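This report refers to the structure that appears directly beneath it.
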Amino acid sequence: MKKKTSIVISILTYLIIILISCYFIIIPNSKKINETNKIKDLTYDDKIKLIDEINEKYIKQENNVNNKYQVKLEQIDEKYQKSYEELNSKYKELEKEKMQSIAYLQGLIQSDEKKSLEENIVKLKTSVEYFDEIIKAKEPNRIILQMIIDKIYIHRDKTIRFKLKTNIEKLIINF
């Protein structure tokens with residue numbers, strides 16, 4: 001008898017375990033099966049409506065975010081507008097100063113170039129005057145001719161060609 005009761009208790013225990021397992025496994029799955037049965041296949045029009053609804057929700061969210069950030073951007077603009085204006089005016093002042101200094105330096109360069117050209121013109125005039133004196137002289141001075149002429153070429157047809165020295169400044173300095 002003990003064996004029978006032990007077997008019956010074992011069988012009952014197994015049955016209880018099986019029932020409890022079925023309850024926790026089958027019932028939740030049966031709910032999911034019922035939910036999937038409720039879902040229907042969407043038609044083309046239903047899909048379009050669903051997509052439109054999703055797009056509308058997206059656009060609303062995007063507008064909300066943009067509006068939120070637009071307000072913050074406006075606050076930032078208001079906060080830094082004065083600093084921007086100050087920076088812009090300082091930049092314009094610096095630019096004006098630099099342009100004035102550039103104009104001043106350009107004037108200096110032009111005046112230096114003009115002075116340099118005038119000095120060169122004076123030197124050329126004096127060298128031309130010296131050459132005029134040499135040419136107008138009744139009798140050429142041998143020392144002066146040696147300072148000016150590098151080589152004298154006499155050709156067979158009795159023409160004479162003079163090659164002048166390249167550094168004429170020495171002549172001007174020596175006079």
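By order of appearance in the structure tokens: chains A, B, ..., then residues from 1 within every chain, and ligands from 1 in the order shown.
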
- Name the residues of chain A that fall into alpha helix (DSSP H) according to DSSP on the backbone, using the chain letters and numbers of this document, as number ranges by chain. A: 2-38, 44-136, 142-148, 169-174

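Of the listed residues (A:Lys165, A:Ser127, A:Lys98, A:Glu139), A:Lys165 comes nearest to Lys151 in chain A; the distances count only C-alpha atoms.
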
- Task: Run DSSP on the backbone of this structure and report the residues of range 6-172 of chain A it assigns to strand (DSSP E), as a ChimeraX atom specification.
- Result: /A:149-154,160-164

- Given the choices A:Asp45, A:Asp150, A:Glu119, A:Glu62, which gets closest to Leu164 in chain A if the distance is worked out from only C-alpha atoms? A:Asp150
